[in-house]
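Engineer: Structure file entry-v9.pdb, PDB, C-alpha atoms, is pasted below:
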```pdb
ATOM      1  CA  MET A 216      79.103  82.065 127.411
ATOM      2  CA  VAL A 217      78.767  82.453 123.653
ATOM      3  CA  GLU A 218      79.883  79.301 121.865
ATOM      4  CA  GLN A 219      81.355  79.244 118.382
ATOM      5  CA  GLN A 220      78.284  77.692 116.762
ATOM      6  CA  ASP A 221      76.033  80.278 118.437
ATOM      7  CA  TYR A 222      77.028  82.916 115.916
ATOM      8  CA  TYR A 223      77.230  80.751 112.816
ATOM      9  CA  ARG A 224      74.767  81.814 110.105
ATOM     10  CA  ARG A 225      73.205  84.466 112.358
ATOM     11  CA  GLU A 226      71.291  87.292 110.714
ATOM     12  CA  TRP A 227      72.999  90.666 110.389
ATOM     13  CA  GLN A 228      72.820  92.990 113.364
ATOM     14  CA  LEU A 229      72.079  96.625 112.608
ATOM     15  CA  ILE A 230      74.593  99.166 113.883
ATOM     16  CA  ARG A 231      73.159 102.641 113.301
ATOM     17  CA  GLY A 232      71.220 101.251 110.358
ATOM     18  CA  VAL A 233      74.126  99.315 108.791
ATOM     19  CA  PRO A 234      73.971  95.474 108.655
ATOM     20  CA  ILE A 235      77.023  94.065 110.429
ATOM     21  CA  VAL A 236      78.178  90.472 111.018
ATOM     22  CA  TRP A 237      76.536  89.337 114.262
ATOM     23  CA  ALA A 238      79.813  88.290 115.901
ATOM     24  CA  PHE A 239      81.494  91.568 114.936
ATOM     25  CA  ALA A 240      78.617  93.646 116.306
ATOM     26  CA  GLN A 241      79.072  92.477 119.885
ATOM     27  CA  ASN A 242      80.354  95.146 122.284
ATOM     28  CA  TRP A 243      80.422  97.806 119.562
ATOM     29  CA  GLU A 244      81.822 100.307 122.070
ATOM     30  CA  ARG A 245      85.223  98.767 121.365
ATOM     31  CA  ILE A 246      84.912 100.151 117.815
ATOM     32  CA  ASP A 247      83.522 103.564 118.699
ATOM     33  CA  ASN A 248      86.199 104.066 121.361
ATOM     34  CA  PHE A 249      89.136 102.742 119.337
ATOM     35  CA  GLN A 250      92.104 105.102 119.410
ATOM     36  CA  ALA A 251      93.788 105.756 116.097
ATOM     37  CA  ARG A 252      97.403 106.899 115.743
ATOM     38  CA  CYS A 253      98.754 109.554 113.421
ATOM     39  CA  ASP A 254     100.869 107.052 111.503
ATOM     40  CA  ASP A 255      98.136 104.444 111.052
ATOM     41  CA  ILE A 256      97.463 103.335 107.488
ATOM     42  CA  VAL A 257      93.883 102.214 106.907
ATOM     43  CA  ILE A 258      92.916  99.937 104.024
ATOM     44  CA  ALA A 259      89.182 100.446 103.575
ATOM     45  CA  THR A 260      86.984  98.552 101.116
ATOM     46  CA  TYR A 261      83.526  97.188 100.626
ATOM     47  CA  PRO A 262      83.921  93.403 101.072
ATOM     48  CA  LYS A 263      85.436  91.490  98.145
ATOM     49  CA  ALA A 264      86.895  94.582  96.485
ATOM     50  CA  GLY A 265      90.541  93.510  96.641
ATOM     51  CA  THR A 266      91.194  93.966 100.359
ATOM     52  CA  THR A 267      93.729  91.165 100.746
ATOM     53  CA  TRP A 268      95.426  92.216  97.519
ATOM     54  CA  MET A 269      95.880  95.800  98.702
ATOM     55  CA  SER A 270      96.908  94.623 102.179
ATOM     56  CA  GLU A 271      99.792  92.632 100.730
ATOM     57  CA  ILE A 272     100.744  95.498  98.409
ATOM     58  CA  VAL A 273     100.909  97.999 101.284
ATOM     59  CA  ASP A 274     102.890  95.601 103.474
ATOM     60  CA  MET A 275     105.386  95.029 100.679
ATOM     61  CA  ILE A 276     105.692  98.775 100.033
ATOM     62  CA  LEU A 277     106.405  99.456 103.712
ATOM     63  CA  HIS A 278     109.110  96.774 103.699
ATOM     64  CA  ALA A 279     110.575  97.876 100.363
ATOM     65  CA  GLY A 280     109.671  94.559  98.763
ATOM     66  CA  ASN A 281     111.956  92.551 101.054
ATOM     67  CA  ASP A 282     110.816  88.949 100.573
ATOM     68  CA  GLU A 283     111.971  87.716 103.975
ATOM     69  CA  GLN A 284     110.268  90.512 105.914
ATOM     70  CA  CYS A 285     107.095  90.321 103.827
ATOM     71  CA  GLY A 286     106.892  86.556 104.364
ATOM     72  CA  ARG A 287     107.090  86.864 108.132
ATOM     73  CA  ASP A 288     103.427  86.045 108.891
ATOM     74  CA  PHE A 289      99.930  85.471 107.553
ATOM     75  CA  ILE A 290      98.284  88.489 105.943
ATOM     76  CA  TYR A 291      95.518  88.701 108.559
ATOM     77  CA  ASN A 292      98.168  89.001 111.281
ATOM     78  CA  LYS A 293     100.215  91.573 109.375
ATOM     79  CA  VAL A 294      97.078  93.607 108.627
ATOM     80  CA  PRO A 295      94.495  92.992 111.371
ATOM     81  CA  MET A 296      90.820  93.691 110.713
ATOM     82  CA  LEU A 297      89.496  96.455 112.956
ATOM     83  CA  GLU A 298      85.936  95.186 113.476
ATOM     84  CA  PHE A 299      86.727  91.469 113.495
ATOM     85  CA  TRP A 300      85.706  89.309 116.446
ATOM     86  CA  ALA A 301      84.887  85.638 116.891
ATOM     87  CA  PRO A 302      84.009  85.395 120.616
ATOM     88  CA  ASN A 303      85.811  82.600 122.467
ATOM     89  CA  VAL A 304      87.631  81.607 119.275
ATOM     90  CA  LEU A 305      89.714  84.521 118.029
ATOM     91  CA  ALA A 306      90.590  87.821 119.698
ATOM     92  CA  PRO A 307      88.892  91.100 118.728
ATOM     93  CA  GLY A 308      90.721  93.067 116.073
ATOM     94  CA  THR A 309      90.696  96.082 118.356
ATOM     95  CA  LYS A 310      92.675  94.197 121.011
ATOM     96  CA  THR A 311      95.168  92.877 118.473
ATOM     97  CA  LEU A 312      95.663  96.370 117.073
ATOM     98  CA  GLU A 313      96.103  97.955 120.489
ATOM     99  CA  GLU A 314      99.030  95.587 121.023
ATOM    100  CA  THR A 315     100.494  96.203 117.560
ATOM    101  CA  PRO A 316     103.470  98.577 117.387
ATOM    102  CA  SER A 317     103.410 101.540 115.034
ATOM    103  CA  PRO A 318     103.143 101.980 112.153
ATOM    104  CA  ARG A 319      99.993  99.878 112.039
ATOM    105  CA  VAL A 320      98.256  98.810 108.842
ATOM    106  CA  ILE A 321      94.550  98.345 109.553
ATOM    107  CA  LYS A 322      91.952  96.619 107.398
ATOM    108  CA  THR A 323      88.275  97.531 107.566
ATOM    109  CA  HIS A 324      85.056  97.239 105.588
ATOM    110  CA  LEU A 325      83.299  99.898 107.633
ATOM    111  CA  PRO A 326      81.443 102.663 105.832
ATOM    112  CA  VAL A 327      82.428 106.246 106.582
ATOM    113  CA  SER A 328      79.582 106.577 109.065
ATOM    114  CA  LEU A 329      80.914 103.794 111.326
ATOM    115  CA  LEU A 330      84.672 104.385 111.236
ATOM    116  CA  PRO A 331      85.867 105.473 114.701
ATOM    117  CA  LYS A 332      86.083 109.266 114.892
ATOM    118  CA  SER A 333      89.681 109.086 116.138
ATOM    119  CA  PHE A 334      90.818 108.233 112.595
ATOM    120  CA  TRP A 335      89.413 111.543 111.350
ATOM    121  CA  GLU A 336      90.918 113.424 114.283
ATOM    122  CA  LYS A 337      94.376 111.898 113.781
ATOM    123  CA  LYS A 338      94.233 112.382 109.989
ATOM    124  CA  SER A 339      95.302 108.771 109.480
ATOM    125  CA  LYS A 340      95.951 107.944 105.828
ATOM    126  CA  VAL A 341      93.351 105.769 104.096
ATOM    127  CA  VAL A 342      93.752 103.681 100.944
ATOM    128  CA  TYR A 343      90.275 102.926  99.618
ATOM    129  CA  VAL A 344      89.731 100.279  96.934
ATOM    130  CA  ALA A 345      86.479 100.335  94.946
ATOM    131  CA  ARG A 346      85.305  97.544  92.643
ATOM    132  CA  ASN A 347      82.476  97.568  90.122
ATOM    133  CA  ALA A 348      79.108  96.603  91.588
ATOM    134  CA  LYS A 349      78.403  93.632  89.313
ATOM    135  CA  ASP A 350      81.617  91.668  89.823
ATOM    136  CA  LEU A 351      81.487  92.501  93.492
ATOM    137  CA  ALA A 352      77.964  91.080  93.826
ATOM    138  CA  VAL A 353      79.135  87.780  92.334
ATOM    139  CA  SER A 354      82.259  87.581  94.482
ATOM    140  CA  TYR A 355      80.332  88.505  97.639
ATOM    141  CA  TYR A 356      77.718  85.841  96.906
ATOM    142  CA  HIS A 357      80.334  83.094  96.720
ATOM    143  CA  PHE A 358      82.035  84.456  99.845
ATOM    144  CA  ASP A 359      78.756  84.368 101.765
ATOM    145  CA  ARG A 360      78.247  80.776 100.648
ATOM    146  CA  MET A 361      81.496  79.714 102.329
ATOM    147  CA  ASN A 362      81.635  82.075 105.319
ATOM    148  CA  GLN A 363      79.635  80.685 108.233
ATOM    149  CA  LEU A 364      79.800  84.000 110.087
ATOM    150  CA  HIS A 365      77.405  85.380 107.454
ATOM    151  CA  PRO A 366      73.741  84.429 107.037
ATOM    152  CA  GLU A 367      72.814  81.837 104.423
ATOM    153  CA  PRO A 368      72.837  83.712 101.088
ATOM    154  CA  GLY A 369      70.092  81.689  99.418
ATOM    155  CA  THR A 370      70.060  81.348  95.651
ATOM    156  CA  TRP A 371      71.940  83.718  93.371
ATOM    157  CA  ALA A 372      68.645  85.352  92.354
ATOM    158  CA  GLU A 373      67.627  85.835  95.989
ATOM    159  CA  TYR A 374      71.041  87.163  96.909
ATOM    160  CA  LEU A 375      71.126  89.673  94.078
ATOM    161  CA  GLU A 376      67.832  91.168  95.262
ATOM    162  CA  LYS A 377      69.226  91.573  98.787
ATOM    163  CA  TYR A 378      72.460  93.046  97.462
ATOM    164  CA  VAL A 379      70.648  95.642  95.348
ATOM    165  CA  ALA A 380      68.553  96.594  98.394
ATOM    166  CA  GLY A 381      71.641  96.953 100.610
ATOM    167  CA  LYS A 382      70.523  94.078 102.841
ATOM    168  CA  VAL A 383      73.923  92.405 102.930
ATOM    169  CA  GLY A 384      76.902  92.834 105.229
ATOM    170  CA  TYR A 385      78.070  96.472 105.486
ATOM    171  CA  GLY A 386      74.970  97.713 103.722
ATOM    172  CA  SER A 387      74.623  99.467 100.402
ATOM    173  CA  TRP A 388      77.514  99.282  97.940
ATOM    174  CA  TYR A 389      76.251 102.578  96.502
ATOM    175  CA  ASP A 390      76.418 104.385  99.840
ATOM    176  CA  HIS A 391      79.805 102.862 100.618
ATOM    177  CA  VAL A 392      81.656 103.861  97.444
ATOM    178  CA  ASN A 393      80.072 107.312  97.254
ATOM    179  CA  SER A 394      80.583 108.271 100.896
ATOM    180  CA  TRP A 395      84.237 107.265 100.771
ATOM    181  CA  TRP A 396      84.657 109.297  97.591
ATOM    182  CA  GLU A 397      83.234 112.310  99.423
ATOM    183  CA  LYS A 398      85.855 111.849 102.167
ATOM    184  CA  THR A 399      88.626 112.435  99.628
ATOM    185  CA  LYS A 400      87.645 116.108  99.783
ATOM    186  CA  ASP A 401      88.554 116.633 103.444
ATOM    187  CA  HIS A 402      90.744 113.692 104.500
ATOM    188  CA  PRO A 403      93.924 112.005 103.163
ATOM    189  CA  VAL A 404      92.175 109.228 101.208
ATOM    190  CA  LEU A 405      93.725 107.612  98.132
ATOM    191  CA  TYR A 406      90.823 106.249  96.062
ATOM    192  CA  ILE A 407      91.888 103.314  93.888
ATOM    193  CA  PHE A 408      89.782 101.341  91.419
ATOM    194  CA  TYR A 409      90.123  97.558  91.350
ATOM    195  CA  GLU A 410      89.801  97.523  87.585
ATOM    196  CA  ASP A 411      92.681 100.010  87.255
ATOM    197  CA  MET A 412      94.802  97.679  89.377
ATOM    198  CA  LYS A 413      93.974  94.792  87.056
ATOM    199  CA  GLU A 414      94.778  96.886  83.982
ATOM    200  CA  ASP A 415      98.130  98.270  85.137
ATOM    201  CA  PRO A 416      99.221  97.058  88.577
ATOM    202  CA  LYS A 417     102.606  98.799  88.495
ATOM    203  CA  ARG A 418     101.005 102.177  87.819
ATOM    204  CA  GLU A 419      98.567 101.781  90.712
ATOM    205  CA  ILE A 420     101.176 100.383  93.113
ATOM    206  CA  ARG A 421     103.372 103.392  92.324
ATOM    207  CA  LYS A 422     100.436 105.665  93.275
ATOM    208  CA  VAL A 423     100.073 103.881  96.607
ATOM    209  CA  ALA A 424     103.811 104.105  97.311
ATOM    210  CA  GLN A 425     103.837 107.839  96.569
ATOM    211  CA  PHE A 426     100.782 108.356  98.776
ATOM    212  CA  LEU A 427     102.613 106.595 101.617
ATOM    213  CA  GLY A 428     105.739 108.669 101.054
ATOM    214  CA  LYS A 429     107.849 105.772  99.792
ATOM    215  CA  ASP A 430     110.233 106.153  96.860
ATOM    216  CA  LEU A 431     110.739 102.691  95.390
ATOM    217  CA  GLY A 432     113.022 101.736  92.555
ATOM    218  CA  GLU A 433     111.828  99.963  89.418
ATOM    219  CA  ASN A 434     113.214  96.594  90.530
ATOM    220  CA  VAL A 435     111.345  96.821  93.830
ATOM    221  CA  LEU A 436     108.141  97.800  92.050
ATOM    222  CA  GLU A 437     108.508  94.880  89.654
ATOM    223  CA  ASN A 438     109.003  92.488  92.556
ATOM    224  CA  ILE A 439     105.875  93.790  94.292
ATOM    225  CA  VAL A 440     103.869  93.480  91.079
ATOM    226  CA  ASN A 441     104.994  89.873  90.648
ATOM    227  CA  LYS A 442     104.545  88.805  94.283
ATOM    228  CA  THR A 443     101.070  90.381  94.522
ATOM    229  CA  SER A 444      99.667  88.950  91.298
ATOM    230  CA  PHE A 445      96.483  86.930  91.803
ATOM    231  CA  GLU A 446      98.143  83.714  90.655
ATOM    232  CA  VAL A 447     101.039  84.054  93.102
ATOM    233  CA  MET A 448      98.848  85.126  96.032
ATOM    234  CA  LYS A 449      96.390  82.280  95.403
ATOM    235  CA  ASP A 450      99.282  79.813  95.744
ATOM    236  CA  ASN A 451     100.823  81.616  98.744
ATOM    237  CA  PRO A 452      99.755  79.956 102.032
ATOM    238  CA  ARG A 453     100.257  83.271 103.826
ATOM    239  CA  THR A 454      97.642  85.026 101.705
ATOM    240  CA  ASN A 455      95.203  82.392 100.390
ATOM    241  CA  TYR A 456      93.481  81.368 103.660
ATOM    242  CA  VAL A 457      93.957  77.690 102.805
ATOM    243  CA  THR A 458      96.845  76.475 104.965
ATOM    244  CA  ASN A 459      95.682  78.221 108.127
ATOM    245  CA  THR A 460      92.103  78.939 107.206
ATOM    246  CA  ALA A 461      89.640  80.372 109.679
ATOM    247  CA  PRO A 462      87.414  77.671 111.254
ATOM    248  CA  PHE A 463      84.331  79.365 109.830
ATOM    249  CA  PHE A 464      85.520  79.354 106.188
ATOM    250  CA  GLN A 465      84.222  76.356 104.236
ATOM    251  CA  THR A 466      86.716  76.503 101.407
ATOM    252  CA  ASP A 467      85.391  73.252  99.954
ATOM    253  CA  ILE A 468      82.295  75.272  98.949
ATOM    254  CA  SER A 469      84.239  78.167  97.461
ATOM    255  CA  PRO A 470      87.887  79.234  97.830
ATOM    256  CA  PHE A 471      88.672  82.515  99.580
ATOM    257  CA  MET A 472      90.556  83.637  96.473
ATOM    258  CA  ARG A 473      88.274  82.534  93.653
ATOM    259  CA  LYS A 474      88.924  84.249  90.277
ATOM    260  CA  GLY A 475      90.122  87.811  90.832
ATOM    261  CA  VAL A 476      88.991  89.045  87.425
ATOM    262  CA  ALA A 477      86.891  91.844  85.983
ATOM    263  CA  GLY A 478      83.929  90.646  83.940
ATOM    264  CA  ASP A 479      82.969  87.388  85.689
ATOM    265  CA  TRP A 480      79.501  88.862  86.330
ATOM    266  CA  LYS A 481      78.599  87.875  82.752
ATOM    267  CA  ASN A 482      78.703  84.231  83.843
ATOM    268  CA  HIS A 483      76.070  84.827  86.540
ATOM    269  CA  PHE A 484      73.664  87.604  85.543
ATOM    270  CA  THR A 485      70.770  86.646  83.314
ATOM    271  CA  VAL A 486      69.708  89.137  80.647
ATOM    272  CA  ALA A 487      66.686  90.123  82.747
ATOM    273  CA  GLN A 488      68.764  90.497  85.919
ATOM    274  CA  ASN A 489      71.275  92.655  84.082
ATOM    275  CA  GLU A 490      68.570  94.935  82.691
ATOM    276  CA  ARG A 491      66.946  95.407  86.109
ATOM    277  CA  PHE A 492      70.322  95.951  87.734
ATOM    278  CA  ASP A 493      71.331  98.588  85.173
ATOM    279  CA  GLU A 494      68.064 100.456  85.638
ATOM    280  CA  ASP A 495      68.435 100.507  89.425
ATOM    281  CA  TYR A 496      72.140 101.401  89.135
ATOM    282  CA  GLY A 497      71.313 104.367  86.910
ATOM    283  CA  ARG A 498      68.911 105.752  89.501
ATOM    284  CA  LYS A 499      71.184 105.267  92.498
ATOM    285  CA  MET A 500      74.349 106.548  90.826
ATOM    286  CA  ALA A 501      72.705 109.532  89.115
ATOM    287  CA  GLY A 502      74.834 112.581  89.857
ATOM    288  CA  SER A 503      77.787 110.552  91.152
ATOM    289  CA  PRO A 504      81.164 111.429  89.576
ATOM    290  CA  LEU A 505      82.301 107.822  89.944
ATOM    291  CA  CYS A 506      82.659 105.800  86.762
ATOM    292  CA  PHE A 507      83.208 102.034  87.062
ATOM    293  CA  ARG A 508      84.321  99.649  84.350
ATOM    294  CA  THR A 509      82.662  96.212  84.326
ATOM    295  CA  GLU A 510      85.425  94.588  82.323
ATOM    296  CA  VAL A 511      89.072  95.232  81.527
TER     297      VAL A 511
END
```
Would it be possible to restate this file's structure as structure tokens?

Structural biologist:
Amino acid sequence: MVEQQDYYRREWQLIRGVPIVWAFAQNWERIDNFQARCDDIVIATYPKAGTTWMSEIVDMILHAGNDEQCGRDFIYNKVPMLEFWAPNVLAPGTKTLEETPSPRVIKTHLPVSLLPKSFWEKKSKVVYVARNAKDLAVSYYHFDRMNQLHPEPGTWAEYLEKYVAGKVGYGSWYDHVNSWWEKTKDHPVLYIFYEDMKEDPKREIRKVAQFLGKDLGENVLENIVNKTSFEVMKDNPRTNYVTNTAPFFQTDISPFMRKGVAGDWKNHFTVAQNERFDEDYGRKMAGSPLCFRTEV
């Protein structure tokens, strides 16, 4: 029997070339064979790109901003994570989702190549959130420091090298954001930029509502904007992972919701690191139509 500590700080396990959390990678057939539904709504992101933020936004949109309904449960229960599994501690996300009535809202960090094919066949709607590579690297580093399901990140300098090489959970940021952009051409994917959400949350929330076929009034939109602000969500026990935190999150090292800003990378990158990063970024993103802002 696999004990909880057996998968703490384990190295990534490769699934078709993509590094995946060791615990999540067990019995991968449950992912490949997962059956999507036509009315599923998928929230897809590279880790630390605003997943919890968008999850709460979508839940509030679906419930027309009703505070009582939106406060019914913790965010990870309202929006289960497809690939999640902590053997003998918490149930697989696939099992939870199979028992969830429609319409389901499903969270995932999977790249296009690993998403179960049933989602493509059912034409399930996908909201994809993309965040600039520099801020994401910083946020992911602090997350890996506190998340015992992930390998030890090492120093910031060591981590940045692994991140640039795609040797972190879910692989290359470059492959992730570009492959999901390509899917917008043949699948109902709404591609949202984190920095745009920071700049004008009401505008971006309205886009999501329209994509989901929901016509919300201005008062409802305002309520969603207010209730999903970083400051409010960080103080909300149903979204901040503090009150009922996962046993593998060491929030004394770093909080789950840390800063939620655009531009924090400047407090971590040295001049030399920034120059090397920019040079590598230019090569890997050459020809990509995607344009990210590193501050707002």

Engineer: Between A:His278, A:Arg508, A:Lys481, A:Arg287, which has the minimum distance to A:Phe408 (counting all atoms listed in the file)?

Structural biologist: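 Ranked by minimum distance to A:Phe408, first place goes to A:Arg508.
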
Engineer: Please expand the PyMOL selection byres ((chain A and resi 334) around 10) into the concrete residues it hits in this file, giving the result as a PyMOL selection string.

Structural biologist: chain A and resi 249-253+255-257+330-333+335-341+402

Engineer: Go ahead and compute the interatomic distance for atom CA of A:Pro403 and atom CA of A:Val379, in Å to one decimal.

Structural biologist: 29.5 Å

Engineer: Rounded to one decimal in Å, what is the spacing between atom CA of A:Asp221 and atom CA of A:Asn242?

Structural biologist: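 So the answer is 16.0 Å.
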
Engineer: Do you have the atom CA of A:Asn303-atom CA of A:Trp227 distance handy?

Structural biologist: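 That distance, rounded to one decimal, is 19.4 Å.
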
Engineer: Point out the residue among A:Arg245, A:Lys349, A:Lys442, A:Lys263 with the least atom-to-atom distance to A:Phe492, counting all atoms listed in the file.

Structural biologist: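 With all atoms listed in the file as the atom set, the closest residue is A:Lys349.
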
Engineer: Which residues, written as a PyMOL selection string, have at least one atom at most 10 Å from A:Val327, with all atoms listed in the file counted and residues fewer than 3 positions away on the same chain left out?

Structural biologist: chain A and resi 259+324+330-332+335+390-398

Engineer: Pick out the closest residue to A:Asp254 from this set: A:Asn281, A:Ser354, A:Ser317, A:Gln363. Count only C-alpha atoms.

Structural biologist: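 Using only C-alpha atoms, A:Asp254 sits closest to A:Ser317.
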
Engineer: Ranking A:Ile258, A:Met296, A:Val342, A:Met361 by minimum distance to A:Pro462 and counting all atoms listed in the file, which one comes first?

Structural biologist: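 For A:Pro462, the nearest of the given residues is A:Met361.
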
Engineer: So which one's closest to A:Lys429, A:Ala501, A:Asp274, A:Thr466, A:Tyr385? Using all atoms listed in the file, please.

Structural biologist: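 When distances to A:Lys429 are compared using all atoms listed in the file, the smallest one comes from A:Asp274.
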
Engineer: Here is a test: counting only C-alpha atoms, which residue of A:Leu229, A:Gln488, A:Phe426, A:Asn248 is nearest to A:Glu373?

Structural biologist: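 Nearest to A:Glu373: A:Gln488.
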
Engineer: Step by step, work through what the PyMOL selection byres ((chain A and resi 500) around 12) selects in the shown file, and finish by giving those residues as a ChimeraX atom specification.

Structural biologist: /A:348,387-394,492-499,501-507

Engineer: Go through the shown structure with the PyMOL selection byres ((chain A and resi 288) around 12) and write out the matching residues as a PDB file with C-alpha atoms, keeping the file's coordinate frame.

Structural biologist:
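Contents of expr-v4.pdb, freshly written:
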```pdb
ATOM      1  CA  GLU A 271      99.792  92.632 100.730  1.00  0.00           C
ATOM      2  CA  ASP A 274     102.890  95.601 103.474  1.00  0.00           C
ATOM      3  CA  ASP A 282     110.816  88.949 100.573  1.00  0.00           C
ATOM      4  CA  GLU A 283     111.971  87.716 103.975  1.00  0.00           C
ATOM      5  CA  GLN A 284     110.268  90.512 105.914  1.00  0.00           C
ATOM      6  CA  CYS A 285     107.095  90.321 103.827  1.00  0.00           C
ATOM      7  CA  GLY A 286     106.892  86.556 104.364  1.00  0.00           C
ATOM      8  CA  ARG A 287     107.090  86.864 108.132  1.00  0.00           C
ATOM      9  CA  PHE A 289      99.930  85.471 107.553  1.00  0.00           C
ATOM     10  CA  ILE A 290      98.284  88.489 105.943  1.00  0.00           C
ATOM     11  CA  TYR A 291      95.518  88.701 108.559  1.00  0.00           C
ATOM     12  CA  ASN A 292      98.168  89.001 111.281  1.00  0.00           C
ATOM     13  CA  LYS A 293     100.215  91.573 109.375  1.00  0.00           C
ATOM     14  CA  VAL A 294      97.078  93.607 108.627  1.00  0.00           C
ATOM     15  CA  PRO A 295      94.495  92.992 111.371  1.00  0.00           C
ATOM     16  CA  ASN A 451     100.823  81.616  98.744  1.00  0.00           C
ATOM     17  CA  PRO A 452      99.755  79.956 102.032  1.00  0.00           C
ATOM     18  CA  ARG A 453     100.257  83.271 103.826  1.00  0.00           C
ATOM     19  CA  THR A 454      97.642  85.026 101.705  1.00  0.00           C
ATOM     20  CA  ASN A 459      95.682  78.221 108.127  1.00  0.00           C
TER      21      ASN A 459
END
```

Engineer: Could you pull the residues within 10 Å of A:Glu410, counting all atoms listed in the file, minus those fewer than 6 positions along the same chain, as a list of chain:residue names?

Structural biologist: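 The residues satisfying every condition are A:Ala264, A:Gly265, A:Val344, A:Ala345, A:Arg346, A:Asn347, A:Pro416, A:Val476, A:Ala477, A:Gly478, A:Phe507, A:Arg508, A:Thr509, A:Glu510, A:Val511.
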
Engineer: Go ahead and write the residues just picked, C-alpha atoms, as an mmCIF file, keeping the file's coordinate frame.

Structural biologist:
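Writing the result to again11.cif gives the following:
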```
data_model
loop_
_atom_site.group_PDB
_atom_site.id
_atom_site.type_symbol
_atom_site.label_atom_id
_atom_site.label_comp_id
_atom_site.auth_asym_id
_atom_site.auth_seq_id
_atom_site.Cartn_x
_atom_site.Cartn_y
_atom_site.Cartn_z
ATOM 1 C CA ALA A 264 86.895 94.582 96.485
ATOM 2 C CA GLY A 265 90.541 93.510 96.641
ATOM 3 C CA VAL A 344 89.731 100.279 96.934
ATOM 4 C CA ALA A 345 86.479 100.335 94.946
ATOM 5 C CA ARG A 346 85.305 97.544 92.643
ATOM 6 C CA ASN A 347 82.476 97.568 90.122
ATOM 7 C CA PRO A 416 99.221 97.058 88.577
ATOM 8 C CA VAL A 476 88.991 89.045 87.425
ATOM 9 C CA ALA A 477 86.891 91.844 85.983
ATOM 10 C CA GLY A 478 83.929 90.646 83.940
ATOM 11 C CA PHE A 507 83.208 102.034 87.062
ATOM 12 C CA ARG A 508 84.321 99.649 84.350
ATOM 13 C CA THR A 509 82.662 96.212 84.326
ATOM 14 C CA GLU A 510 85.425 94.588 82.323
ATOM 15 C CA VAL A 511 89.072 95.232 81.527
#
```

Engineer: Please identify all polymer residues within 9 Å of A:Arg225, counting all atoms listed in the file, omitting same-chain residues fewer than 6 positions from it, and present them as a PDB file with C-alpha atoms, keeping the file's coordinate frame.

Structural biologist:
```pdb
ATOM      1  CA  VAL A 236      78.178  90.472 111.018  1.00  0.00           C
ATOM      2  CA  TRP A 237      76.536  89.337 114.262  1.00  0.00           C
ATOM      3  CA  ALA A 238      79.813  88.290 115.901  1.00  0.00           C
ATOM      4  CA  GLN A 363      79.635  80.685 108.233  1.00  0.00           C
ATOM      5  CA  LEU A 364      79.800  84.000 110.087  1.00  0.00           C
ATOM      6  CA  HIS A 365      77.405  85.380 107.454  1.00  0.00           C
ATOM      7  CA  PRO A 366      73.741  84.429 107.037  1.00  0.00           C
ATOM      8  CA  GLU A 367      72.814  81.837 104.423  1.00  0.00           C
TER       9      GLU A 367
END
```

Engineer: Enumerate, as JSON, numbers by chain, the protein, DNA and RNA residues whose atoms approach (67.7, 82.9, 86.7) to within 8 Å, taking into account all atoms listed in the file and the coordinate frame of the file.

Structural biologist: {"A": [371, 372, 484, 485, 488]}
